[in-house]
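Everything on this sheet refers to the single structure shown next.
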Amino acid sequence: MSSTARPDDGGTSNSSDSSNSSAHGSAAADPLASLAALPGVPEAVESVRGSVDRVYGHRVMRRRSSEVSAEAALRGARATAASEGVDWALEEVRRRSDFGVEPDARTVGAGLRVTAEAGQLLDIWPQSPLRVLARLHLVAAGGVAPEGTVGRPRRPGEPVDGPELGLELPGADEVAARLDGLAQLITGGTAAPALVTSSVVHGELQVLRPFGSYNGQVARAAERVVLVGSGLDPKAVCPAEVGHAELGGEAYLTALRGYASGTPEGVTQWIAHCGRAVELGVRESTAVCEAMQRGAA
């Protein structure tokens, strides 16, 4: 694909090469790989790969990929705030400079900060995902959340702010155990496609709500880290946040509850939903490329 050729998405292991596939080939050693084999998931994975490949093949990407990346980041940041109920117009986000006073402005500012920070944490994620999550929460909540609660999982009895998900809130001990399990899956490497891994990371963080605030924005930023760091979207031009916002809160919650159920059908539904979100993010950036090609942007 000329100058925009990408490494194969294959998996999300530390080295992103095929050697880890044999080291983690069985479902017992690589539980994420077993999810990749669920009925319907391979089709979702292939659909996403094809969609991403098409935008990377656009002629504008050969010359102006950095501009497309910057625009995708802005639109992703706006969208992750919209998923929290703060749906500002894109041009309002673009022109504003003060995001630290009003609650809605703080939500949008947090979206801008975590989206930007995600790109700086790609090398840290495979070795220390919990450190990355702590940093994302610090960037989102610093100066807003109560002192001493920022950048660490919540403790017993601490409240959780944010949209109502209609899911039981796990206790602090369960949160700690499941975060450790998630970290082990990431640091151990996996042969699962990036869509599967990013969907599990996103879903697990939303179900757990490990922090006292900004859990949704942290979850979607972590999804971004996996999609970009895996090699599926190395230039960060496929903002899944846009797709999640466009699909709407009701569809998001329905799919998330499917994931929380733990059933094969529910997990498949969630992975497919996340795949559709990536595809809608691709559509957004394709439109940006088309506008640039016409000289309209």
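Residues are referred to by chain and number: the chain letter is A, B, ... according to the order shown in the structure tokens, the number counts from 1 in that chain, and ligands are numbered separately from 1 in the order shown.
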Taking a cut-off of 9 Å and counting only C-alpha atoms, can you build a table that, for each residue of range 93-179 of chain A near range 201-206 of chain A, reports the nearest atom pair and how far apart they are in Å (one decimal), sorted by chain then residue number, as a Markdown table?
```
| residue | atom | partner | partner_atom | distance |
| --- | --- | --- | --- | --- |
| A:Leu165 | CA | A:Gln206 | CA | 8.7 |
| A:Arg178 | CA | A:Glu204 | CA | 8.3 |
| A:Leu179 | CA | A:Leu205 | CA | 8.3 |
```
Next, the residues of the selection above should be written as an mmCIF file, in the first residue's frame with C-alpha atoms.
```cif
data_model
loop_
_atom_site.group_PDB
_atom_site.id
_atom_site.type_symbol
_atom_site.label_atom_id
_atom_site.label_comp_id
_atom_site.auth_asym_id
_atom_site.auth_seq_id
_atom_site.Cartn_x
_atom_site.Cartn_y
_atom_site.Cartn_z
ATOM 1 C CA LEU A 165 -25.221 1.581 32.813
ATOM 2 C CA ARG A 178 -10.237 -8.647 37.339
ATOM 3 C CA LEU A 179 -7.857 -5.796 36.551
#
```
Using DSSP secondary structure from the backbone, list all helix (DSSP H, G or I) positions within range 42-220 of chain A, as a ChimeraX atom specification.
/A:42-56,59-82,90-95,103-118,129-141,172-187,194-208,215-220
Give me, as a ChimeraX atom specification, all polymer residues having an atom no more than 12 Å from Gly100 in chain A, counting only C-alpha atoms and skipping those fewer than 5 positions away in the same chain.
/A:105-110,112-113,140-144
Find the residues near range 149-154 of chain A: any atom within 7 Å, counting only C-alpha atoms, skip ones fewer than 2 places away on the same chain, and give them as a PyMOL selection string.
chain A and resi 134-135+137-138+141-142+145-147+156+158+172+210-212
Store the residues of this selection in a file with all heavy atoms, as a short mmCIF file (atom, residue, chain, number, x, y, z; two decimals), in the first residue's frame.
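Writing done, so here's part25.cif:
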```
data_model
loop_
_atom_site.label_atom_id
_atom_site.label_comp_id
_atom_site.auth_asym_id
_atom_site.auth_seq_id
_atom_site.Cartn_x
_atom_site.Cartn_y
_atom_site.Cartn_z
N ALA A 134 -3.90 3.97 34.80
CA ALA A 134 -3.74 4.98 35.84
C ALA A 134 -3.42 6.34 35.24
O ALA A 134 -3.94 7.37 35.66
CB ALA A 134 -2.64 4.56 36.81
N ARG A 135 -2.55 6.34 34.23
CA ARG A 135 -2.17 7.59 33.58
C ARG A 135 -3.37 8.21 32.85
O ARG A 135 -3.59 9.43 32.93
CB ARG A 135 -1.02 7.34 32.60
CG ARG A 135 -0.60 8.56 31.79
CD ARG A 135 -0.08 9.68 32.66
NE ARG A 135 0.19 10.87 31.87
CZ ARG A 135 0.51 12.05 32.38
NH1 ARG A 135 0.58 12.21 33.71
NH2 ARG A 135 0.77 13.08 31.61
N HIS A 137 -6.49 7.89 33.57
CA HIS A 137 -7.42 8.47 34.55
C HIS A 137 -6.86 9.76 35.13
O HIS A 137 -7.60 10.74 35.34
CB HIS A 137 -7.73 7.47 35.66
CG HIS A 137 -8.80 7.98 36.59
ND1 HIS A 137 -8.56 8.32 37.90
CD2 HIS A 137 -10.12 8.24 36.37
CE1 HIS A 137 -9.68 8.75 38.45
NE2 HIS A 137 -10.63 8.71 37.55
N LEU A 138 -5.57 9.79 35.39
CA LEU A 138 -4.94 11.01 35.90
C LEU A 138 -5.14 12.16 34.92
O LEU A 138 -5.48 13.28 35.31
CB LEU A 138 -3.45 10.76 36.13
CG LEU A 138 -2.61 11.98 36.56
CD1 LEU A 138 -3.07 12.50 37.90
CD2 LEU A 138 -1.13 11.61 36.61
N ALA A 141 -9.01 13.08 34.96
CA ALA A 141 -9.66 13.53 36.19
C ALA A 141 -8.82 14.47 37.03
O ALA A 141 -9.33 15.05 38.00
CB ALA A 141 -10.03 12.31 37.03
N GLY A 142 -7.54 14.63 36.70
CA GLY A 142 -6.68 15.49 37.51
C GLY A 142 -7.22 16.90 37.63
O GLY A 142 -7.61 17.51 36.64
N ALA A 145 -11.45 15.43 40.06
CA ALA A 145 -11.83 14.41 41.04
C ALA A 145 -11.20 14.71 42.39
O ALA A 145 -10.18 15.42 42.48
CB ALA A 145 -11.40 13.03 40.54
N PRO A 146 -11.78 14.21 43.46
CA PRO A 146 -11.23 14.45 44.80
C PRO A 146 -9.77 14.02 44.90
O PRO A 146 -9.37 13.00 44.35
CB PRO A 146 -12.12 13.60 45.71
CG PRO A 146 -13.41 13.47 44.96
CD PRO A 146 -13.03 13.42 43.52
N GLU A 147 -9.00 14.82 45.58
CA GLU A 147 -7.57 14.52 45.75
C GLU A 147 -7.41 13.16 46.42
O GLU A 147 -8.11 12.82 47.35
CB GLU A 147 -6.92 15.61 46.60
CG GLU A 147 -5.42 15.48 46.72
CD GLU A 147 -4.80 16.61 47.52
OE1 GLU A 147 -5.54 17.56 47.85
OE2 GLU A 147 -3.59 16.54 47.80
N PRO A 156 -13.07 0.21 48.70
CA PRO A 156 -14.42 -0.12 49.21
C PRO A 156 -15.15 1.11 49.74
O PRO A 156 -14.57 1.90 50.49
CB PRO A 156 -14.14 -1.14 50.33
CG PRO A 156 -12.86 -1.79 49.91
CD PRO A 156 -12.05 -0.71 49.26
N GLU A 158 -16.14 3.73 48.09
CA GLU A 158 -16.01 4.96 47.32
C GLU A 158 -17.04 4.99 46.19
O GLU A 158 -17.27 3.98 45.52
CB GLU A 158 -14.59 5.08 46.74
CG GLU A 158 -13.53 5.34 47.80
CD GLU A 158 -12.14 5.51 47.22
OE1 GLU A 158 -11.92 5.10 46.05
OE2 GLU A 158 -11.27 6.06 47.94
N ALA A 172 -14.84 -3.50 45.17
CA ALA A 172 -13.44 -3.12 44.95
C ALA A 172 -12.53 -4.34 44.85
O ALA A 172 -11.57 -4.34 44.06
CB ALA A 172 -12.97 -2.21 46.09
N PRO A 210 -13.52 0.87 37.21
CA PRO A 210 -12.53 0.76 38.29
C PRO A 210 -12.19 2.07 38.98
O PRO A 210 -11.68 2.06 40.10
CB PRO A 210 -11.30 0.22 37.55
CG PRO A 210 -11.46 0.66 36.14
CD PRO A 210 -12.93 0.63 35.89
N PHE A 211 -12.50 3.20 38.35
CA PHE A 211 -12.17 4.49 38.93
C PHE A 211 -13.43 5.20 39.42
O PHE A 211 -14.55 4.82 39.07
CB PHE A 211 -11.45 5.36 37.90
CG PHE A 211 -10.19 4.74 37.37
CD1 PHE A 211 -10.13 4.22 36.09
CD2 PHE A 211 -9.06 4.66 38.16
CE1 PHE A 211 -8.98 3.65 35.59
CE2 PHE A 211 -7.89 4.07 37.68
CZ PHE A 211 -7.84 3.57 36.40
N GLY A 212 -13.22 6.22 40.19
CA GLY A 212 -14.37 6.95 40.73
C GLY A 212 -15.04 7.86 39.73
O GLY A 212 -16.13 8.37 40.00
#
```
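CA of Gln184 in chain A is positioned 20.1 Å from CA of Gly171 in chain A.
Residue nearest Val139 in chain A, chosen from A:Ala177, A:Ala221, A:Val160, A:Leu208 and counting only C-alpha atoms: A:Ala221.
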Against range 276-291 of chain A, which residues of range 225-260 of chain A fall within 8 Å? For each one I want the closest pair of atoms and the distance in Å (one decimal), counting only C-alpha atoms, rows by chain and increasing residue number, as JSON lines.
```
{"residue": "A:Val237", "atom": "CA", "partner": "A:Ser285", "partner_atom": "CA", "distance": 6.3}
{"residue": "A:Cys238", "atom": "CA", "partner": "A:Val282", "partner_atom": "CA", "distance": 4.7}
{"residue": "A:Pro239", "atom": "CA", "partner": "A:Gly281", "partner_atom": "CA", "distance": 4.6}
{"residue": "A:Ala240", "atom": "CA", "partner": "A:Val278", "partner_atom": "CA", "distance": 4.3}
{"residue": "A:Glu241", "atom": "CA", "partner": "A:Ala277", "partner_atom": "CA", "distance": 7.1}
{"residue": "A:Val242", "atom": "CA", "partner": "A:Gly281", "partner_atom": "CA", "distance": 5.3}
{"residue": "A:Gly243", "atom": "CA", "partner": "A:Ala277", "partner_atom": "CA", "distance": 3.7}
{"residue": "A:His244", "atom": "CA", "partner": "A:Ala277", "partner_atom": "CA", "distance": 5.2}
{"residue": "A:Glu246", "atom": "CA", "partner": "A:Leu280", "partner_atom": "CA", "distance": 7.8}
{"residue": "A:Leu247", "atom": "CA", "partner": "A:Ala277", "partner_atom": "CA", "distance": 7.3}
```
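Interatomic distance, CA of Ser198 in chain A against CA of Ala118 in chain A: 13.3 Å.
The residue that comes closest to Val86 in chain A, out of A:Glu102, A:Asp180, A:Asp30, A:Glu168 and on the basis of only C-alpha atoms, is A:Glu102.
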